[in-house]
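Student: Got a file for you: protein-v4.cif, mmCIF, C-alpha atoms, pLDDT in the B column; chains and numbers go by the auth columns.
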data_input
#
loop_
_atom_site.group_PDB
_atom_site.id
_atom_site.type_symbol
_atom_site.label_atom_id
_atom_site.label_comp_id
_atom_site.label_asym_id
_atom_site.label_seq_id
_atom_site.Cartn_x
_atom_site.Cartn_y
_atom_site.Cartn_z
_atom_site.B_iso_or_equiv
_atom_site.auth_seq_id
_atom_site.auth_asym_id
ATOM 1 C CA MET A 1 65.595 -7.405 -49.604 71.00 144 H
ATOM 2 C CA ILE A 2 62.658 -6.827 -47.280 84.00 145 H
ATOM 3 C CA GLY A 3 62.551 -3.571 -45.353 87.00 146 H
ATOM 4 C CA ALA A 4 60.379 -2.232 -42.604 89.00 147 H
ATOM 5 C CA PRO A 5 56.812 -1.331 -43.597 91.00 148 H
ATOM 6 C CA THR A 6 56.866 2.122 -45.186 90.00 149 H
ATOM 7 C CA ILE A 7 53.152 2.935 -45.185 93.00 150 H
ATOM 8 C CA GLU A 8 51.442 3.720 -41.912 94.00 151 H
ATOM 9 C CA PRO A 9 48.249 1.831 -41.047 96.00 152 H
ATOM 10 C CA VAL A 10 44.850 3.536 -41.117 96.00 153 H
ATOM 11 C CA ILE A 11 42.755 3.196 -37.928 97.00 154 H
ATOM 12 C CA ASN A 12 38.973 2.784 -37.887 96.00 155 H
ATOM 13 C CA ALA A 13 37.371 3.734 -34.569 96.00 156 H
ATOM 14 C CA PRO A 14 34.077 5.116 -33.321 96.00 157 H
ATOM 15 C CA GLY A 15 34.247 8.797 -32.431 94.00 158 H
ATOM 16 C CA LEU A 16 31.674 8.708 -29.632 93.00 159 H
ATOM 17 C CA VAL A 17 30.339 5.737 -27.682 94.00 160 H
ATOM 18 C CA ASN A 18 27.771 5.616 -24.893 92.00 161 H
ATOM 19 C CA VAL A 19 28.853 2.247 -23.503 92.00 162 H
ATOM 20 C CA PRO A 20 32.236 1.351 -21.991 93.00 163 H
ATOM 21 C CA GLN A 21 32.984 -1.388 -24.546 96.00 164 H
ATOM 22 C CA TYR A 22 34.228 -0.549 -28.024 97.00 165 H
ATOM 23 C CA SER A 23 36.716 -1.825 -30.590 97.00 166 H
ATOM 24 C CA LEU A 24 39.184 -0.475 -33.116 97.00 167 H
ATOM 25 C CA SER A 25 40.664 -1.977 -36.229 97.00 168 H
ATOM 26 C CA TRP A 26 43.381 -0.905 -38.651 97.00 169 H
ATOM 27 C CA SER A 27 44.743 -1.669 -42.071 96.00 170 H
ATOM 28 C CA VAL A 28 47.725 -3.997 -42.555 94.00 171 H
ATOM 29 C CA PRO A 29 50.399 -2.498 -44.842 93.00 172 H
ATOM 30 C CA ALA A 30 52.600 -4.722 -47.034 91.00 173 H
ATOM 31 C CA ASN A 31 55.466 -6.522 -45.266 91.00 174 H
ATOM 32 C CA SER A 32 53.758 -6.232 -41.856 93.00 175 H
ATOM 33 C CA GLU A 33 54.029 -9.040 -39.329 94.00 176 H
ATOM 34 C CA SER A 34 52.659 -7.307 -36.240 95.00 177 H
ATOM 35 C CA SER A 35 51.198 -4.060 -34.981 96.00 178 H
ATOM 36 C CA ILE A 36 51.863 -1.861 -32.006 97.00 179 H
ATOM 37 C CA LEU A 37 48.803 0.077 -30.810 98.00 180 H
ATOM 38 C CA GLU A 38 49.290 2.900 -28.322 98.00 181 H
ATOM 39 C CA GLU A 39 46.692 4.703 -26.221 98.00 182 H
ATOM 40 C CA SER A 40 46.673 8.111 -24.539 98.00 183 H
ATOM 41 C CA ALA A 41 43.987 8.316 -21.856 97.00 184 H
ATOM 42 C CA ASN A 42 42.542 11.772 -21.173 97.00 185 H
ATOM 43 C CA GLY A 43 45.576 13.606 -22.565 96.00 186 H
ATOM 44 C CA GLY A 44 48.149 11.520 -20.704 97.00 187 H
ATOM 45 C CA GLY A 45 51.262 9.864 -22.100 98.00 188 H
ATOM 46 C CA TRP A 46 51.255 7.073 -24.689 98.00 189 H
ATOM 47 C CA THR A 47 51.015 3.473 -23.460 98.00 190 H
ATOM 48 C CA VAL A 48 51.250 0.283 -25.531 98.00 191 H
ATOM 49 C CA VAL A 49 47.919 -1.552 -25.253 98.00 192 H
ATOM 50 C CA HIS A 50 48.447 -4.099 -28.049 97.00 193 H
ATOM 51 C CA ASN A 51 51.577 -5.651 -29.542 97.00 194 H
ATOM 52 C CA GLY A 52 50.903 -8.606 -31.800 95.00 195 H
ATOM 53 C CA GLY A 53 49.681 -10.019 -35.071 93.00 196 H
ATOM 54 C CA ALA A 54 46.005 -9.026 -34.828 95.00 197 H
ATOM 55 C CA ASN A 55 44.757 -5.864 -36.480 96.00 198 H
ATOM 56 C CA SER A 56 41.926 -5.170 -34.045 97.00 199 H
ATOM 57 C CA PHE A 57 41.591 -4.305 -30.388 97.00 200 H
ATOM 58 C CA ALA A 58 38.563 -4.508 -28.095 97.00 201 H
ATOM 59 C CA THR A 59 38.521 -2.651 -24.801 97.00 202 H
ATOM 60 C CA ASP A 60 36.388 -1.543 -21.871 96.00 203 H
ATOM 61 C CA ARG A 61 37.024 2.020 -20.681 96.00 204 H
ATOM 62 C CA GLY A 62 35.352 4.433 -18.311 93.00 205 H
ATOM 63 C CA LYS A 63 34.121 7.916 -19.098 92.00 206 H
ATOM 64 C CA GLY A 64 36.798 9.956 -20.844 95.00 207 H
ATOM 65 C CA SER A 65 38.699 10.611 -24.039 97.00 208 H
ATOM 66 C CA TYR A 66 41.084 8.020 -25.487 98.00 209 H
ATOM 67 C CA ALA A 67 43.479 8.732 -28.356 98.00 210 H
ATOM 68 C CA TYR A 68 45.034 5.918 -30.409 98.00 211 H
ATOM 69 C CA ARG A 69 47.873 5.521 -32.891 98.00 212 H
ATOM 70 C CA VAL A 70 49.348 2.393 -34.443 98.00 213 H
ATOM 71 C CA ARG A 71 52.501 1.265 -36.263 97.00 214 H
ATOM 72 C CA ALA A 72 52.975 -1.785 -38.468 96.00 215 H
ATOM 73 C CA CYS A 73 56.154 -3.762 -37.791 95.00 216 H
ATOM 74 C CA ASN A 74 58.249 -6.673 -39.018 94.00 217 H
ATOM 75 C CA PHE A 75 61.632 -8.118 -38.014 93.00 218 H
ATOM 76 C CA VAL A 76 63.428 -5.166 -39.674 93.00 219 H
ATOM 77 C CA GLY A 77 61.546 -2.293 -38.053 94.00 220 H
ATOM 78 C CA CYS A 78 58.287 -0.377 -37.914 95.00 221 H
ATOM 79 C CA SER A 79 56.321 1.998 -40.127 95.00 222 H
ATOM 80 C CA PRO A 80 55.626 5.598 -39.236 95.00 223 H
ATOM 81 C CA TYR A 81 52.738 6.132 -36.805 96.00 224 H
ATOM 82 C CA SER A 82 49.234 6.269 -38.177 97.00 225 H
ATOM 83 C CA GLY A 83 47.138 9.357 -37.786 97.00 226 H
ATOM 84 C CA ILE A 84 45.653 9.754 -34.310 97.00 227 H
ATOM 85 C CA VAL A 85 41.994 8.886 -33.737 98.00 228 H
ATOM 86 C CA THR A 86 40.074 9.748 -30.592 98.00 229 H
ATOM 87 C CA VAL A 87 37.246 7.816 -28.969 97.00 230 H
ATOM 88 C CA THR A 88 35.102 9.671 -26.446 95.00 231 H
ATOM 89 C CA VAL A 89 33.253 7.521 -23.919 95.00 232 H
ATOM 90 C CA ALA A 90 30.230 9.523 -22.759 93.00 233 H
ATOM 91 C CA LEU A 91 28.050 7.388 -20.533 92.00 234 H
ATOM 92 C CA PRO A 92 24.448 8.481 -19.973 94.00 235 H
ATOM 93 C CA PRO A 93 23.787 10.039 -16.556 95.00 236 H
ATOM 94 C CA GLY A 94 21.871 8.289 -13.795 96.00 237 H
ATOM 95 C CA THR A 95 18.115 8.597 -13.375 97.00 238 H
ATOM 96 C CA PRO A 96 16.962 11.606 -11.336 98.00 239 H
ATOM 97 C CA HIS A 97 14.491 11.384 -8.437 96.00 240 H
ATOM 98 C CA PHE A 98 11.836 13.930 -7.467 96.00 241 H
ATOM 99 C CA TYR A 99 12.102 15.908 -4.250 95.00 242 H
ATOM 100 C CA LEU A 100 9.215 18.301 -4.982 94.00 243 H
ATOM 101 C CA ALA A 101 6.004 18.070 -7.008 93.00 244 H
ATOM 102 C CA GLU A 102 3.318 20.464 -5.883 93.00 245 H
ATOM 103 C CA TRP A 103 0.219 22.032 -7.412 91.00 246 H
ATOM 104 C CA LEU A 104 -1.033 24.988 -5.394 90.00 247 H
ATOM 105 C CA THR A 105 -4.422 26.625 -6.035 89.00 248 H
ATOM 106 C CA THR A 106 -5.953 29.590 -4.203 86.00 249 H
ATOM 107 C CA ARG A 107 -9.240 28.971 -2.363 86.00 250 H
ATOM 108 C CA LYS A 108 -11.247 31.839 -3.855 84.00 251 H
ATOM 109 C CA ALA A 109 -11.872 33.325 -7.286 82.00 252 H
ATOM 110 C CA PRO A 110 -10.086 34.561 -9.195 84.00 253 H
ATOM 111 C CA TYR A 111 -8.237 31.292 -8.800 83.00 254 H
ATOM 112 C CA GLN A 112 -4.479 31.338 -9.090 85.00 255 H
ATOM 113 C CA VAL A 113 -2.450 28.247 -9.832 90.00 256 H
ATOM 114 C CA GLN A 114 1.240 27.622 -9.263 90.00 257 H
ATOM 115 C CA CYS A 115 3.022 24.364 -10.005 92.00 258 H
ATOM 116 C CA SER A 116 6.582 23.663 -8.891 93.00 259 H
ATOM 117 C CA VAL A 117 8.597 20.545 -9.597 95.00 260 H
ATOM 118 C CA GLY A 118 12.172 19.688 -8.618 96.00 261 H
ATOM 119 C CA TRP A 119 14.390 16.656 -9.092 97.00 262 H
ATOM 120 C CA SER A 120 17.922 15.623 -8.177 97.00 263 H
ATOM 121 C CA GLN A 121 20.749 16.990 -10.299 97.00 264 H
ATOM 122 C CA MET A 122 22.719 14.214 -11.940 97.00 265 H
ATOM 123 C CA ALA A 123 26.475 14.308 -12.531 94.00 266 H
ATOM 124 C CA ASP A 124 27.319 14.930 -16.202 93.00 267 H
ATOM 125 C CA ALA A 125 23.730 15.775 -17.165 96.00 268 H
ATOM 126 C CA THR A 126 23.470 18.614 -19.677 96.00 269 H
ATOM 127 C CA GLU A 127 19.717 18.439 -20.176 97.00 270 H
ATOM 128 C CA TYR A 128 16.606 17.182 -18.403 98.00 271 H
ATOM 129 C CA GLN A 129 13.444 16.025 -20.131 96.00 272 H
ATOM 130 C CA PHE A 130 10.381 16.404 -17.929 95.00 273 H
ATOM 131 C CA GLU A 131 6.866 15.319 -18.872 94.00 274 H
ATOM 132 C CA SER A 132 3.523 14.325 -17.463 92.00 275 H
ATOM 133 C CA GLY A 133 3.517 10.745 -16.246 87.00 276 H
ATOM 134 C CA GLY A 134 3.173 7.761 -18.528 82.00 277 H
ATOM 135 C CA GLY A 135 4.804 9.454 -21.492 79.00 278 H
ATOM 136 C CA GLY A 136 2.282 12.261 -21.775 83.00 279 H
ATOM 137 C CA LYS A 137 2.960 15.858 -22.681 90.00 280 H
ATOM 138 C CA ARG A 138 6.527 17.210 -22.642 93.00 281 H
ATOM 139 C CA LEU A 139 6.504 20.020 -20.091 93.00 282 H
ATOM 140 C CA TYR A 140 10.167 21.061 -20.048 94.00 283 H
ATOM 141 C CA THR A 141 13.470 20.368 -21.785 96.00 284 H
ATOM 142 C CA GLY A 142 16.550 22.200 -20.546 96.00 285 H
ATOM 143 C CA PRO A 143 19.440 22.369 -18.081 97.00 286 H
ATOM 144 C CA ASN A 144 17.503 23.157 -14.878 96.00 287 H
ATOM 145 C CA ALA A 145 16.529 20.615 -12.213 96.00 288 H
ATOM 146 C CA TYR A 146 13.714 22.806 -10.891 96.00 289 H
ATOM 147 C CA VAL A 147 10.787 24.453 -12.690 94.00 290 H
ATOM 148 C CA SER A 148 8.011 26.632 -11.324 92.00 291 H
ATOM 149 C CA ALA A 149 5.373 28.809 -12.936 88.00 292 H
ATOM 150 C CA ASN A 150 2.141 30.601 -12.193 86.00 293 H
ATOM 151 C CA GLY A 151 -0.599 29.206 -14.361 81.00 294 H
ATOM 152 C CA ASN A 152 -0.662 25.579 -15.357 76.00 295 H
ATOM 153 C CA ALA A 153 2.515 25.385 -17.474 84.00 296 H
ATOM 154 C CA TYR A 154 3.985 22.589 -15.333 86.00 297 H
ATOM 155 C CA CYS A 155 0.800 21.168 -13.811 87.00 298 H
ATOM 156 C CA ALA A 156 -0.078 17.498 -14.189 89.00 299 H
ATOM 157 C CA GLY A 157 -1.398 14.684 -12.006 90.00 300 H
ATOM 158 C CA ASN A 158 1.970 12.922 -12.023 93.00 301 H
ATOM 159 C CA TYR A 159 5.371 13.377 -13.585 94.00 302 H
ATOM 160 C CA ARG A 160 8.423 11.585 -14.889 96.00 303 H
ATOM 161 C CA VAL A 161 11.909 12.887 -15.726 96.00 304 H
ATOM 162 C CA ARG A 162 15.172 11.707 -17.252 97.00 305 H
ATOM 163 C CA ALA A 163 18.671 13.161 -17.531 98.00 306 H
ATOM 164 C CA CYS A 164 20.620 13.392 -20.802 97.00 307 H
ATOM 165 C CA ASN A 165 24.078 14.204 -22.149 94.00 308 H
ATOM 166 C CA ALA A 166 26.096 13.484 -25.304 90.00 309 H
ATOM 167 C CA GLY A 167 26.112 9.779 -24.397 91.00 310 H
ATOM 168 C CA GLY A 168 22.325 9.523 -24.355 94.00 311 H
ATOM 169 C CA CYS A 169 19.589 9.656 -21.748 96.00 312 H
ATOM 170 C CA SER A 170 18.972 7.816 -18.510 96.00 313 H
ATOM 171 C CA SER A 171 15.906 5.678 -18.122 96.00 314 H
ATOM 172 C CA TRP A 172 12.738 7.527 -17.178 96.00 315 H
ATOM 173 C CA SER A 173 12.064 7.920 -13.478 95.00 316 H
ATOM 174 C CA ALA A 174 9.062 6.156 -12.016 94.00 317 H
ATOM 175 C CA ASP A 175 5.892 8.229 -12.262 94.00 318 H
ATOM 176 C CA HIS A 176 5.697 10.585 -9.274 94.00 319 H
ATOM 177 C CA PRO A 177 2.342 11.963 -8.048 94.00 320 H
ATOM 178 C CA VAL A 178 1.773 15.652 -7.475 92.00 321 H
ATOM 179 C CA THR A 179 0.839 16.986 -4.034 91.00 322 H
ATOM 180 C CA ARG A 180 -2.088 19.404 -4.176 90.00 323 H
ATOM 181 C CA GLY A 181 -2.371 22.254 -1.711 89.00 324 H
ATOM 182 C CA VAL A 182 -3.045 25.921 -1.035 87.00 325 H
ATOM 183 C CA PRO A 183 -0.374 28.650 -1.202 82.00 326 H
ATOM 184 C CA SER A 184 0.893 29.800 2.198 77.00 327 H
ATOM 185 C CA TRP A 185 -0.174 33.378 1.439 74.00 328 H
ATOM 186 C CA ASP A 186 -3.863 32.436 0.752 70.00 329 H
#
Mind converting the file's structure to structure tokens?
Tutor:
Amino acid sequence: MIGAPTIEPVINAPGLVNVPQYSLSWSVPANSESSILEESANGGGWTVVHNGGANSFATDRGKGSYAYRVRACNFVGCSPYSGIVTVTVALPPGTPHFYLAEWLTTRKAPYQVQCSVGWSQMADATEYQFESGGGGKRLYTGPNAYVSANGNAYCAGNYRVRACNAGGCSSWSADHPVTRGVPSWD
């Protein structure tokens, strides 16, 4: 006599993806005829997203966290649920744009230099990478969207910047020229 599958399937899924498209697959226990795959989006309730003979599922999801569990079934019944796997979709942030890039130098010796650079904050960015234009010297890596220093720590003829998070980095901004001037107090 054939009974319901007694062994739960094992799911294979990526843990973190930086594109909306991904796929899952799972093992097929003995006596299985179909599978029921359920999804929980961002901690919500469970929803059936696949009910059929295939043992894989491809999907396209937005930013978030998606948990999955599966059961193997036949005409008698279904196995216990598999363990839960979670896929996190972390899309890279957009590309920032400069709103400030200035290099100020006093008119008389002893010369003092101050360079200030600012760019737009991007949603979901956890880090910015800022360098001299054309892939030159890395000038700053960190969470701030504005840097300023006396001396030439951030001085360059032009700049580029990109925003990053767990899903990767945006494309580099177009090179942006610096504006040279004199401090207002000189």
Student: Counting all atoms listed in the file, figure out which residue out of H:Trp315, H:Trp246, H:Trp262, H:Tyr271 gets nearest to Ala292 in chain H.
Tutor: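 Nearest candidate to Ala292 in chain H out of H:Trp315, H:Trp246, H:Trp262, H:Tyr271: H:Trp246.
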Student: So that I can check the surroundings of Gly226 in chain H, please list as JSON, numbers by chain every protein, DNA and RNA residue that reaches within 12 Å of it, counting all atoms listed in the file and ignoring chain neighbours fewer than 5 positions away.
Tutor: {"H": [150, 151, 152, 153, 154, 155, 156, 169, 180, 181, 210, 211, 212, 213, 214]}
Student: List as a PyMOL selection string the protein and nucleic acid residues near Val325 in chain H, meaning an atom at most 12 Å away when all atoms listed in the file are counted, but skip any in the same chain fewer than 2 places from it.
Tutor: chain H and resi 245-251+254-258+322-323+327-329
Student: Measuring atom to atom with only C-alpha atoms, identify which of H:Pro163, H:Gly276, H:Gly186, H:Gly220 is nearest to Arg303 in chain H.
Tutor: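 Of the candidates, the smallest distance to Arg303 in chain H is held by H:Gly276.
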Student: Which residues fall under the PyMOL selection byres ((chain H and resi 192) around 8) in this file, as a list of chain:residue names?
Tutor: H:Ile179, H:Leu180, H:Glu181, H:Glu182, H:Thr190, H:Val191, H:His193, H:Asn194
Student: For CA of Gln264 in chain H and CA of Gly237 in chain H, determine how far apart the two atoms are, in Å to one decimal place.
Tutor: 9.4 Å
Student: Please evaluate the PyMOL selection byres ((chain H and resi 184) around 8) against the displayed coordinates and give the resulting residues as a list of chain:residue names.
Tutor: H:Glu182, H:Ser183, H:Asn185, H:Gly186, H:Gly187, H:Gly188, H:Trp189, H:Gly207, H:Ser208, H:Tyr209, H:Ala210
Student: List the residues matched by the PyMOL selection byres ((chain H and resi 234) around 9) in the displayed structure as an mmCIF file with C-alpha atoms, in the frame of the given file, ordered by chain and then by residue number.
Tutor:
data_model
loop_
_atom_site.group_PDB
_atom_site.id
_atom_site.type_symbol
_atom_site.label_atom_id
_atom_site.label_comp_id
_atom_site.auth_asym_id
_atom_site.auth_seq_id
_atom_site.Cartn_x
_atom_site.Cartn_y
_atom_site.Cartn_z
ATOM 1 C CA VAL H 160 30.339 5.737 -27.682
ATOM 2 C CA ASN H 161 27.771 5.616 -24.893
ATOM 3 C CA VAL H 162 28.853 2.247 -23.503
ATOM 4 C CA PRO H 163 32.236 1.351 -21.991
ATOM 5 C CA GLY H 205 35.352 4.433 -18.311
ATOM 6 C CA LYS H 206 34.121 7.916 -19.098
ATOM 7 C CA VAL H 232 33.253 7.521 -23.919
ATOM 8 C CA ALA H 233 30.230 9.523 -22.759
ATOM 9 C CA PRO H 235 24.448 8.481 -19.973
ATOM 10 C CA PRO H 236 23.787 10.039 -16.556
ATOM 11 C CA ASP H 267 27.319 14.930 -16.202
ATOM 12 C CA ASN H 308 24.078 14.204 -22.149
ATOM 13 C CA ALA H 309 26.096 13.484 -25.304
ATOM 14 C CA GLY H 310 26.112 9.779 -24.397
ATOM 15 C CA GLY H 311 22.325 9.523 -24.355
ATOM 16 C CA CYS H 312 19.589 9.656 -21.748
#
Student: Ranking H:Tyr242, H:Tyr289, H:Phe218, H:Tyr224 by minimum distance to Ile145 in chain H and counting all atoms listed in the file, which one comes first?
Tutor: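 Comparing H:Tyr242, H:Tyr289, H:Phe218, H:Tyr224 against Ile145 in chain H, the winner is H:Phe218.
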Student: What is the CA of Lys280 in chain H-CA of Ser314 in chain H distance in Å, reported with one decimal?
Tutor: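 The value is 17.1 Å.
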Student: Find the residues around Tyr283 in chain H up to 7 Å (only C-alpha atoms counted), leave out those fewer than 5 positions away in its own chain, and share them as a count of residues only.
Tutor: 3
Student: Name the residues in contact with Val290 in chain H at a cut-off of 7 Å, using all atoms listed in the file, excluding same-chain residues fewer than 2 positions from it; report them as a list in words.
Tutor: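 Final neighbour list, sorted by chain and number: Ser259, Val260, Gly261, Ala288 and Ala292 of chain H.
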Student: In terms of the shortest atom-to-atom distance over all atoms listed in the file, which of H:Cys216, H:Pro223, H:Gly195, H:Arg204 is closest to Asn174 in chain H?
Tutor: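 Once distances to Asn174 in chain H are computed over all atoms listed in the file, the minimum belongs to H:Cys216.
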Student: Can you pull out the residues contacting Val321 in chain H? Cut-off 8 Å, using all atoms listed in the file, and skip same-chain residues under 3 positions away; I want them as a PyMOL selection string.
Tutor: chain H and resi 244-246+299-302
Student: What does the distance from CA of Asp203 in chain H to CA of Ser225 in chain H come to in Å, to one decimal?
Tutor: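 Computing the Euclidean distance for CA of Asp203 in chain H and CA of Ser225 in chain H yields 22.2 Å.
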Student: Could you tell me which of H:Thr231, H:Ala306, H:Cys298, H:Ser168 comes closest to Pro286 in chain H if we count all atoms listed in the file?
Tutor: H:Ala306
